[in-house]
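Visitor: Sharing protein10.pdb, PDB, C-alpha atoms:
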```
ATOM      1  CA  MET A 557     -26.425  50.312 -27.182
ATOM      2  CA  ASN A 558     -25.153  50.392 -30.764
ATOM      3  CA  LEU A 559     -22.280  48.294 -32.083
ATOM      4  CA  PHE A 560     -19.761  51.165 -32.186
ATOM      5  CA  VAL A 561     -20.312  51.994 -28.511
ATOM      6  CA  GLU A 562     -20.038  48.313 -27.576
ATOM      7  CA  ILE A 563     -16.705  48.052 -29.410
ATOM      8  CA  LEU A 564     -15.402  51.146 -27.586
ATOM      9  CA  LEU A 565     -16.535  49.606 -24.294
ATOM     10  CA  PHE A 566     -14.689  46.387 -25.157
ATOM     11  CA  VAL A 567     -11.464  48.276 -25.947
ATOM     12  CA  ALA A 568     -11.718  50.246 -22.695
ATOM     13  CA  THR A 569     -12.302  47.025 -20.760
ATOM     14  CA  LEU A 570      -9.345  45.396 -22.481
ATOM     15  CA  ILE A 571      -7.006  48.252 -21.551
ATOM     16  CA  TYR A 572      -8.303  48.293 -17.978
ATOM     17  CA  SER A 573      -7.850  44.513 -17.693
ATOM     18  CA  TYR A 574      -4.212  44.708 -18.799
ATOM     19  CA  LEU A 575      -3.533  47.529 -16.345
ATOM     20  CA  GLU A 576      -5.246  45.592 -13.564
ATOM     21  CA  ALA A 577      -3.184  42.477 -14.328
ATOM     22  CA  PHE A 578       0.012  44.564 -14.294
ATOM     23  CA  VAL A 579      -0.817  46.125 -10.922
ATOM     24  CA  LYS A 580      -1.613  42.694  -9.453
ATOM     25  CA  LEU A 581       1.965  41.637 -10.172
ATOM     26  CA  PHE A 582       3.048  43.929  -7.332
ATOM     27  CA  VAL A 583       0.113  43.515  -4.944
ATOM     28  CA  PRO A 584      -0.037  40.520  -2.559
ATOM     29  CA  VAL A 585      -2.911  38.230  -3.473
ATOM     30  CA  LYS A 586      -5.549  37.799  -0.777
ATOM     31  CA  ARG A 587      -6.032  34.164   0.199
ATOM     32  CA  LYS A 588      -9.377  32.933   1.442
ATOM     33  CA  SER A 589      -9.865  30.789   4.515
ATOM     34  CA  VAL A 590     -11.074  27.202   4.138
ATOM     35  CA  SER A 591     -11.290  26.604   7.883
ATOM     36  CA  GLY A 592     -14.525  24.816   8.738
ATOM     37  CA  GLU A 593     -15.422  24.163   5.102
ATOM     38  CA  LEU A 594     -16.612  20.643   4.291
ATOM     39  CA  VAL A 595     -14.201  19.396   1.632
ATOM     40  CA  LEU A 596     -14.763  16.220  -0.396
ATOM     41  CA  VAL A 597     -11.759  14.753  -2.204
ATOM     42  CA  THR A 598     -12.146  11.862  -4.633
ATOM     43  CA  GLY A 599      -9.201   9.558  -5.267
ATOM     44  CA  ALA A 600      -7.927  10.480  -1.794
ATOM     45  CA  GLY A 601      -6.165   7.192  -1.099
ATOM     46  CA  HIS A 602      -2.848   8.090  -2.691
ATOM     47  CA  GLY A 603      -0.853  10.613  -4.713
ATOM     48  CA  VAL A 604      -2.266  14.062  -5.393
ATOM     49  CA  GLY A 605      -5.558  13.233  -3.679
ATOM     50  CA  ARG A 606      -3.868  12.236  -0.427
ATOM     51  CA  ALA A 607      -1.519  15.236  -0.447
ATOM     52  CA  THR A 608      -4.444  17.591  -1.164
ATOM     53  CA  ALA A 609      -6.446  16.153   1.719
ATOM     54  CA  LEU A 610      -3.485  16.695   4.055
ATOM     55  CA  GLU A 611      -3.180  20.333   2.968
ATOM     56  CA  PHE A 612      -6.860  20.952   3.734
ATOM     57  CA  ALA A 613      -6.422  19.185   7.080
ATOM     58  CA  LYS A 614      -3.588  21.594   7.948
ATOM     59  CA  ARG A 615      -6.006  24.454   7.240
ATOM     60  CA  GLN A 616      -8.666  23.123   9.671
ATOM     61  CA  SER A 617     -11.126  22.006   6.989
ATOM     62  CA  ARG A 618     -13.547  19.159   7.665
ATOM     63  CA  LEU A 619     -12.897  16.293   5.280
ATOM     64  CA  VAL A 620     -14.818  13.640   3.384
ATOM     65  CA  LEU A 621     -12.502  11.255   1.556
ATOM     66  CA  TRP A 622     -13.467   8.890  -1.249
ATOM     67  CA  ASP A 623     -11.347   6.198  -2.856
ATOM     68  CA  ILE A 624     -11.797   2.762  -4.356
ATOM     69  CA  SER A 625      -9.038   1.441  -2.063
ATOM     70  CA  LYS A 626     -10.211   0.867   1.528
ATOM     71  CA  HIS A 627      -6.645   0.634   2.816
ATOM     72  CA  GLY A 628      -5.536   3.767   0.977
ATOM     73  CA  VAL A 629      -8.434   6.005   2.001
ATOM     74  CA  GLU A 630      -8.274   4.891   5.644
ATOM     75  CA  GLU A 631      -4.539   5.550   5.717
ATOM     76  CA  THR A 632      -5.107   9.065   4.375
ATOM     77  CA  ALA A 633      -7.892   9.618   6.912
ATOM     78  CA  ALA A 634      -5.603   8.557   9.762
ATOM     79  CA  GLU A 635      -2.910  10.993   8.626
ATOM     80  CA  CYS A 636      -5.459  13.816   8.430
ATOM     81  CA  ARG A 637      -6.778  13.036  11.908
ATOM     82  CA  ARG A 638      -3.235  13.249  13.281
ATOM     83  CA  LEU A 639      -3.247  16.822  11.963
ATOM     84  CA  GLY A 640      -6.391  17.520  13.998
ATOM     85  CA  ALA A 641      -8.961  17.314  11.202
ATOM     86  CA  THR A 642     -12.435  15.810  11.395
ATOM     87  CA  VAL A 643     -12.521  13.115   8.706
ATOM     88  CA  GLN A 644     -14.987  10.639   7.252
ATOM     89  CA  ALA A 645     -13.721   8.030   4.782
ATOM     90  CA  PHE A 646     -15.795   6.170   2.183
ATOM     91  CA  VAL A 647     -14.948   3.370  -0.221
ATOM     92  CA  VAL A 648     -16.419   4.552  -3.542
ATOM     93  CA  ASP A 649     -15.814   3.315  -7.073
ATOM     94  CA  CYS A 650     -16.003   6.537  -9.079
ATOM     95  CA  SER A 651     -16.547   4.592 -12.297
ATOM     96  CA  LYS A 652     -20.042   3.712 -11.027
ATOM     97  CA  ARG A 653     -22.649   6.465 -11.106
ATOM     98  CA  GLU A 654     -24.999   4.815  -8.625
ATOM     99  CA  GLU A 655     -22.193   4.366  -6.069
ATOM    100  CA  ILE A 656     -21.398   8.075  -6.397
ATOM    101  CA  TYR A 657     -25.014   9.135  -5.929
ATOM    102  CA  SER A 658     -25.509   6.737  -3.003
ATOM    103  CA  ALA A 659     -22.371   7.920  -1.211
ATOM    104  CA  ALA A 660     -23.239  11.562  -1.906
ATOM    105  CA  GLU A 661     -26.684  11.103  -0.349
ATOM    106  CA  LYS A 662     -25.105   9.536   2.752
ATOM    107  CA  VAL A 663     -22.673  12.469   3.019
ATOM    108  CA  ARG A 664     -25.510  14.995   2.787
ATOM    109  CA  LYS A 665     -27.649  13.228   5.384
ATOM    110  CA  ASP A 666     -24.998  12.175   7.901
ATOM    111  CA  ILE A 667     -22.302  14.840   7.607
ATOM    112  CA  GLY A 668     -23.549  17.985   5.891
ATOM    113  CA  ASP A 669     -23.310  20.092   2.772
ATOM    114  CA  VAL A 670     -20.081  19.834   0.791
ATOM    115  CA  SER A 671     -18.786  23.318   0.004
ATOM    116  CA  ILE A 672     -15.490  22.379  -1.697
ATOM    117  CA  LEU A 673     -15.475  19.485  -4.152
ATOM    118  CA  VAL A 674     -12.113  18.220  -5.416
ATOM    119  CA  ASN A 675     -12.672  15.920  -8.397
ATOM    120  CA  ASN A 676      -9.297  14.202  -8.369
ATOM    121  CA  ALA A 677      -9.958  10.510  -9.091
ATOM    122  CA  GLY A 678      -8.393   9.436 -12.372
ATOM    123  CA  VAL A 679      -7.104   6.402 -14.255
ATOM    124  CA  ILE A 680      -4.787   5.938 -17.216
ATOM    125  CA  THR A 681      -3.780   3.222 -19.657
ATOM    126  CA  ALA A 682      -0.707   4.027 -21.752
ATOM    127  CA  ALA A 683      -1.077   2.203 -25.055
ATOM    128  CA  ASP A 684      -1.557   2.921 -28.722
ATOM    129  CA  PHE A 685      -5.230   3.344 -29.577
ATOM    130  CA  LEU A 686      -5.759  -0.051 -31.219
ATOM    131  CA  SER A 687      -4.043  -1.817 -28.312
ATOM    132  CA  THR A 688      -6.321  -0.136 -25.770
ATOM    133  CA  GLN A 689      -9.033  -2.514 -24.568
ATOM    134  CA  ASP A 690     -12.651  -1.381 -24.838
ATOM    135  CA  HIS A 691     -13.150  -1.710 -21.086
ATOM    136  CA  GLN A 692     -10.071   0.476 -20.525
ATOM    137  CA  ILE A 693     -11.513   3.165 -22.786
ATOM    138  CA  GLU A 694     -14.831   3.034 -20.959
ATOM    139  CA  ARG A 695     -13.200   3.198 -17.526
ATOM    140  CA  MET A 696     -11.026   6.200 -18.422
ATOM    141  CA  PHE A 697     -14.110   8.138 -19.470
ATOM    142  CA  GLU A 698     -16.171   6.908 -16.521
ATOM    143  CA  VAL A 699     -13.576   8.023 -13.961
ATOM    144  CA  ASN A 700     -11.812  10.938 -15.681
ATOM    145  CA  ILE A 701     -14.879  12.900 -16.768
ATOM    146  CA  LEU A 702     -18.261  11.256 -16.091
ATOM    147  CA  ALA A 703     -17.478  10.961 -12.372
ATOM    148  CA  HIS A 704     -16.824  14.720 -12.310
ATOM    149  CA  MET A 705     -20.297  15.281 -13.700
ATOM    150  CA  TRP A 706     -22.035  12.922 -11.269
ATOM    151  CA  THR A 707     -20.302  14.364  -8.180
ATOM    152  CA  THR A 708     -20.955  17.917  -9.343
ATOM    153  CA  LYS A 709     -24.631  17.167 -10.011
ATOM    154  CA  ALA A 710     -24.847  15.699  -6.514
ATOM    155  CA  PHE A 711     -23.329  18.621  -4.599
ATOM    156  CA  LEU A 712     -23.845  21.683  -6.811
ATOM    157  CA  PRO A 713     -27.546  22.291  -5.955
ATOM    158  CA  THR A 714     -26.765  23.221  -2.336
ATOM    159  CA  MET A 715     -23.812  25.351  -3.453
ATOM    160  CA  MET A 716     -26.183  27.218  -5.772
ATOM    161  CA  GLU A 717     -28.781  27.698  -3.036
ATOM    162  CA  ASN A 718     -26.094  29.241  -0.816
ATOM    163  CA  ASN A 719     -24.184  30.882  -3.683
ATOM    164  CA  HIS A 720     -21.077  29.545  -2.010
ATOM    165  CA  GLY A 721     -18.651  26.800  -2.926
ATOM    166  CA  HIS A 722     -15.660  25.724  -4.962
ATOM    167  CA  ILE A 723     -15.454  22.988  -7.598
ATOM    168  CA  VAL A 724     -11.967  21.729  -8.412
ATOM    169  CA  THR A 725     -11.251  19.729 -11.555
ATOM    170  CA  VAL A 726      -7.979  17.816 -11.529
ATOM    171  CA  ALA A 727      -7.272  17.465 -15.243
ATOM    172  CA  SER A 728      -3.864  17.367 -16.936
ATOM    173  CA  ALA A 729      -1.628  19.094 -19.437
ATOM    174  CA  ALA A 730      -2.950  16.236 -21.617
ATOM    175  CA  GLY A 731      -6.225  18.148 -21.588
ATOM    176  CA  HIS A 732      -4.533  20.835 -23.715
ATOM    177  CA  PHE A 733      -1.689  19.043 -25.517
ATOM    178  CA  VAL A 734      -1.868  15.690 -27.285
ATOM    179  CA  ILE A 735       0.650  12.874 -27.024
ATOM    180  CA  SER A 736       0.992   9.538 -28.777
ATOM    181  CA  TYR A 737      -0.036   6.363 -26.921
ATOM    182  CA  MET A 738      -2.487   8.311 -24.777
ATOM    183  CA  VAL A 739      -5.337   8.894 -27.228
ATOM    184  CA  THR A 740      -8.106   7.898 -24.823
ATOM    185  CA  TYR A 741      -6.514   9.568 -21.800
ATOM    186  CA  CYS A 742      -6.006  12.834 -23.693
ATOM    187  CA  SER A 743      -9.596  12.683 -24.942
ATOM    188  CA  SER A 744     -10.951  12.236 -21.415
ATOM    189  CA  LYS A 745      -8.796  15.065 -20.065
ATOM    190  CA  PHE A 746      -9.776  17.398 -22.914
ATOM    191  CA  ALA A 747     -13.343  16.638 -21.835
ATOM    192  CA  ALA A 748     -12.480  17.454 -18.212
ATOM    193  CA  VAL A 749     -10.986  20.817 -19.203
ATOM    194  CA  GLY A 750     -14.039  21.514 -21.357
ATOM    195  CA  PHE A 751     -16.337  20.612 -18.474
ATOM    196  CA  HIS A 752     -14.511  23.029 -16.192
ATOM    197  CA  LYS A 753     -14.653  25.877 -18.725
ATOM    198  CA  ALA A 754     -18.301  25.332 -19.639
ATOM    199  CA  LEU A 755     -19.395  24.985 -16.006
ATOM    200  CA  THR A 756     -17.487  28.148 -15.098
ATOM    201  CA  GLU A 757     -19.253  30.028 -17.891
ATOM    202  CA  GLU A 758     -22.669  28.689 -16.927
ATOM    203  CA  LEU A 759     -22.273  29.617 -13.256
ATOM    204  CA  SER A 760     -21.328  33.138 -14.354
ATOM    205  CA  THR A 761     -24.367  33.364 -16.641
ATOM    206  CA  LEU A 762     -26.596  32.232 -13.761
ATOM    207  CA  GLY A 763     -25.115  34.923 -11.508
ATOM    208  CA  LYS A 764     -23.613  32.424  -9.046
ATOM    209  CA  ASP A 765     -20.439  34.432  -8.461
ATOM    210  CA  GLY A 766     -19.975  32.890  -5.024
ATOM    211  CA  ILE A 767     -19.173  29.498  -6.537
ATOM    212  CA  LYS A 768     -15.555  29.377  -7.671
ATOM    213  CA  THR A 769     -13.917  26.896 -10.027
ATOM    214  CA  THR A 770     -10.317  25.770 -10.445
ATOM    215  CA  CYS A 771      -8.803  23.385 -13.006
ATOM    216  CA  LEU A 772      -5.390  21.799 -12.380
ATOM    217  CA  CYS A 773      -3.293  20.869 -15.430
ATOM    218  CA  PRO A 774       0.118  19.396 -14.552
ATOM    219  CA  VAL A 775       2.584  17.570 -16.788
ATOM    220  CA  PHE A 776       3.887  14.123 -15.745
ATOM    221  CA  ILE A 777       3.887  13.618 -11.977
ATOM    222  CA  ASN A 778       6.038  11.100 -10.116
ATOM    223  CA  THR A 779       3.105   8.992  -8.879
ATOM    224  CA  GLY A 780       3.808   5.693 -10.635
ATOM    225  CA  PHE A 781       0.685   5.862 -12.807
ATOM    226  CA  VAL A 782       2.820   6.324 -15.900
ATOM    227  CA  LYS A 783       5.890   4.100 -15.909
ATOM    228  CA  ASN A 784       9.344   5.616 -16.531
ATOM    229  CA  PRO A 785       8.316   9.027 -17.895
ATOM    230  CA  SER A 786      11.072  11.313 -19.157
ATOM    231  CA  THR A 787      11.487  14.424 -21.263
ATOM    232  CA  ARG A 788      14.468  16.275 -22.642
ATOM    233  CA  LEU A 789      12.958  19.637 -21.739
ATOM    234  CA  GLY A 790      11.514  20.256 -18.295
ATOM    235  CA  LYS A 791      11.250  17.674 -15.525
ATOM    236  CA  ILE A 792       8.965  15.105 -13.978
ATOM    237  CA  LEU A 793       7.021  16.788 -11.195
ATOM    238  CA  GLU A 794       6.887  15.751  -7.564
ATOM    239  CA  ILE A 795       3.497  15.470  -5.863
ATOM    240  CA  GLU A 796       4.309  18.175  -3.320
ATOM    241  CA  GLU A 797       4.993  20.904  -5.872
ATOM    242  CA  VAL A 798       1.811  20.080  -7.789
ATOM    243  CA  VAL A 799      -0.361  20.205  -4.677
ATOM    244  CA  GLU A 800       1.319  23.421  -3.538
ATOM    245  CA  ALA A 801       0.316  25.026  -6.843
ATOM    246  CA  LEU A 802      -3.192  23.563  -6.597
ATOM    247  CA  MET A 803      -3.763  24.891  -3.076
ATOM    248  CA  GLU A 804      -2.508  28.314  -4.096
ATOM    249  CA  GLY A 805      -4.960  28.204  -6.993
ATOM    250  CA  ILE A 806      -7.865  27.252  -4.741
ATOM    251  CA  LEU A 807      -7.057  29.802  -2.035
ATOM    252  CA  THR A 808      -6.720  32.621  -4.591
ATOM    253  CA  ASN A 809      -9.623  31.455  -6.800
ATOM    254  CA  GLN A 810      -7.517  30.875  -9.910
ATOM    255  CA  LYS A 811      -9.539  29.354 -12.728
ATOM    256  CA  MET A 812      -6.676  27.515 -14.479
ATOM    257  CA  VAL A 813      -3.528  26.232 -12.782
ATOM    258  CA  PHE A 814      -0.732  24.977 -15.037
ATOM    259  CA  VAL A 815       2.202  23.135 -13.475
ATOM    260  CA  PRO A 816       4.785  24.216 -14.406
ATOM    261  CA  SER A 817       3.271  27.629 -15.030
ATOM    262  CA  HIS A 818       5.045  28.125 -18.369
ATOM    263  CA  GLN A 819       2.681  25.530 -19.880
ATOM    264  CA  SER A 820       0.304  28.426 -20.488
ATOM    265  CA  VAL A 821       2.968  29.993 -22.728
ATOM    266  CA  ALA A 822       3.473  26.662 -24.486
ATOM    267  CA  LEU A 823      -0.260  26.585 -25.202
ATOM    268  CA  LEU A 824      -0.024  29.982 -26.874
ATOM    269  CA  ILE A 825       3.046  28.897 -28.849
ATOM    270  CA  GLU A 826       1.187  25.826 -30.109
ATOM    271  CA  LYS A 827      -1.540  28.053 -31.515
ATOM    272  CA  LEU A 828       0.958  30.369 -33.230
ATOM    273  CA  LEU A 829       3.592  28.020 -34.659
ATOM    274  CA  PRO A 830       3.183  26.384 -38.090
ATOM    275  CA  GLU A 831       2.571  22.633 -38.088
ATOM    276  CA  ARG A 832       6.033  21.784 -39.423
ATOM    277  CA  ALA A 833       7.738  23.808 -36.686
ATOM    278  CA  LEU A 834       5.533  22.172 -34.040
ATOM    279  CA  ALA A 835       6.573  18.727 -35.256
ATOM    280  CA  VAL A 836      10.254  19.637 -34.852
ATOM    281  CA  LEU A 837       9.584  21.083 -31.384
ATOM    282  CA  LYS A 838       7.837  17.890 -30.266
ATOM    283  CA  LYS A 839      10.811  15.813 -31.395
ATOM    284  CA  LEU A 840      13.072  18.161 -29.455
ATOM    285  CA  THR A 841      11.135  17.602 -26.222
ATOM    286  CA  ASN A 842      11.469  13.815 -26.715
ATOM    287  CA  VAL A 843       8.746  12.751 -24.274
ATOM    288  CA  LYS A 844       9.022   9.052 -23.389
ATOM    289  CA  PHE A 845       7.247   6.562 -21.132
ATOM    290  CA  ASP A 846       6.420   2.877 -21.049
ATOM    291  CA  ALA A 847       3.413   2.005 -23.207
ATOM    292  CA  VAL A 848       1.772  -1.033 -24.781
ATOM    293  CA  ILE A 849       2.290  -0.852 -28.531
ATOM    294  CA  GLY A 850       1.250  -3.224 -31.289
ATOM    295  CA  GLN A 851      -0.962  -5.551 -29.239
ATOM    296  CA  ARG A 852      -4.086  -5.173 -31.347
ATOM    297  CA  SER A 853      -7.342  -5.745 -29.525
ATOM    298  CA  SER A 854     -10.793  -6.548 -30.853
ATOM    299  CA  GLN A 855     -12.526  -6.036 -27.531
TER     300      GLN A 855
END
```
Translate the structure described by the file into structure tokens.
Guide:
Amino acid sequence: MNLFVEILLFVATLIYSYLEAFVKLFVPVKRKSVSGELVLVTGAGHGVGRATALEFAKRQSRLVLWDISKHGVEETAAECRRLGATVQAFVVDCSKREEIYSAAEKVRKDIGDVSILVNNAGVITAADFLSTQDHQIERMFEVNILAHMWTTKAFLPTMMENNHGHIVTVASAAGHFVISYMVTYCSSKFAAVGFHKALTEELSTLGKDGIKTTCLCPVFINTGFVKNPSTRLGKILEIEEVVEALMEGILTNQKMVFVPSHQSVALLIEKLLPERALAVLKKLTNVKFDAVIGQRSSQ
């Protein structure tokens, strides 16, 4: 096929895609069933992880819950069991690769093949870059991105054999937009978004269309991880509204879920506006939160 024909094909596809997207605005989206699926949620002991586990429990999924907190993960498991779900809880430190691989092997042998993986575990230190301790930098990368890779490497082979599964990456709006006093966190979340996009592309190239991927990118959530967040524009999100959007994204196989949804427009605006105008816009939003500033660290 020559270049001219390929360009014509691209234009035709582009027009068709826009028409298809327009029609979908008026057609109810089909939601898949997750009943009976074996769902593994990391960071399930609190916050978004706990709420996500409860939503899967309501939909008759079987659950495997991981968290570093024994009390937290067992409390989540108990709540899920009250909803009628079959649940197994594990204490796993997602900053440690060998713990992840060991727990994953136990899940495969004793419970079964994970078909939905929710990589939710995450940590944050709010501080200017030079005040951020080396061990804090390492832990943010170990939990926020490397853990995603280790869990995916552990459970993806069976998904590929069956050409069936769903890998969920809980990232952040900080994986698209930068903010002062979160240099390391933003870097780790940019990596998480990149991992999701690259993995999605690779699965498509390999013809594994039965394995779906979803990336969640919310703004500040009222979980207590970031102290006293505020912004002049928008609002601080509640856990329930974030998880509602995430579940809708999973059930309808959305690749990228922004919360609030207009963040996707903000991303486009950032690419189009001149740097000076962007600087004024950032001052207008006036994002604030408690952070360690000026405590220089050499370790």
Visitor: Give as JSON, numbers by chain the residues that the PyMOL selection byres ((chain A and resi 634) around 12) matches when applied to the coordinates above.
Guide: {"A": [600, 601, 606, 609, 610, 613, 619, 621, 627, 628, 629, 630, 631, 632, 633, 635, 636, 637, 638, 639, 640, 641, 642, 643, 644, 645]}
Visitor: Dump C-alpha atoms for the selected residues as a compact mmCIF listing (two decimals), in the coordinates of the input?
Guide:
```txt
# COMPACT_ATOMS: atom_id res chain seq x y z
CA ALA A 600 -7.93 10.48 -1.79
CA GLY A 601 -6.16 7.19 -1.10
CA ARG A 606 -3.87 12.24 -0.43
CA ALA A 609 -6.45 16.15 1.72
CA LEU A 610 -3.48 16.70 4.06
CA ALA A 613 -6.42 19.18 7.08
CA LEU A 619 -12.90 16.29 5.28
CA LEU A 621 -12.50 11.26 1.56
CA HIS A 627 -6.64 0.63 2.82
CA GLY A 628 -5.54 3.77 0.98
CA VAL A 629 -8.43 6.00 2.00
CA GLU A 630 -8.27 4.89 5.64
CA GLU A 631 -4.54 5.55 5.72
CA THR A 632 -5.11 9.06 4.38
CA ALA A 633 -7.89 9.62 6.91
CA GLU A 635 -2.91 10.99 8.63
CA CYS A 636 -5.46 13.82 8.43
CA ARG A 637 -6.78 13.04 11.91
CA ARG A 638 -3.24 13.25 13.28
CA LEU A 639 -3.25 16.82 11.96
CA GLY A 640 -6.39 17.52 14.00
CA ALA A 641 -8.96 17.31 11.20
CA THR A 642 -12.44 15.81 11.40
CA VAL A 643 -12.52 13.12 8.71
CA GLN A 644 -14.99 10.64 7.25
CA ALA A 645 -13.72 8.03 4.78
```
Visitor: Could you list the residues chosen by the PyMOL selection byres ((chain A and resi 682) around 6) in this structure as JSON, numbers by chain?
Guide: {"A": [681, 683, 737, 738, 847]}
Visitor: Could the residues in this selection be saved with C-alpha atoms as a PDB file, in the frame of the given file?
Guide:
```pdb
ATOM      1  CA  THR A 681      -3.780   3.222 -19.657  1.00  0.00           C
ATOM      2  CA  ALA A 683      -1.077   2.203 -25.055  1.00  0.00           C
ATOM      3  CA  TYR A 737      -0.036   6.363 -26.921  1.00  0.00           C
ATOM      4  CA  MET A 738      -2.487   8.311 -24.777  1.00  0.00           C
ATOM      5  CA  ALA A 847       3.413   2.005 -23.207  1.00  0.00           C
TER       6      ALA A 847
END
```
Visitor: Give me the residues near stretch 830-844 of chain A as a ChimeraX atom specification, where near means some atom within 12 Å (using only C-alpha atoms) and where sequence neighbours in that chain fewer than 3 positions away do not count.
Guide: /A:682,733-738,775-776,782-792,822-827,847
Visitor: Find the residues near A:Glu796: any atom within 12 Å, counting only C-alpha atoms, skip ones fewer than 4 places away on the same chain, and give them as a list in words.
Guide: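 The residues satisfying every condition are Gly603, Val604, Gly605, Arg606, Ala607, Thr608, Leu610, Glu611, Ile777, Asn778, Thr779, Glu800, Ala801, Leu802, Met803 and Val815 of chain A.
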Visitor: Show me the residues around (-28.3, 18.2, 4.5) - criterion: an atom at most 12 Å away, only C-alpha atoms counted - as a ChimeraX atom specification.
Guide: /A:594,660-671,710-711,713-715
Visitor: What gap, in Å, lies between atom CA of A:Glu654 and atom CA of A:Gln689?
Guide: 23.7 Å
Visitor: Just the number, please: distance in Å from atom CA of A:Phe746 to atom CA of A:Leu712, one decimal.
Guide: 21.8 Å
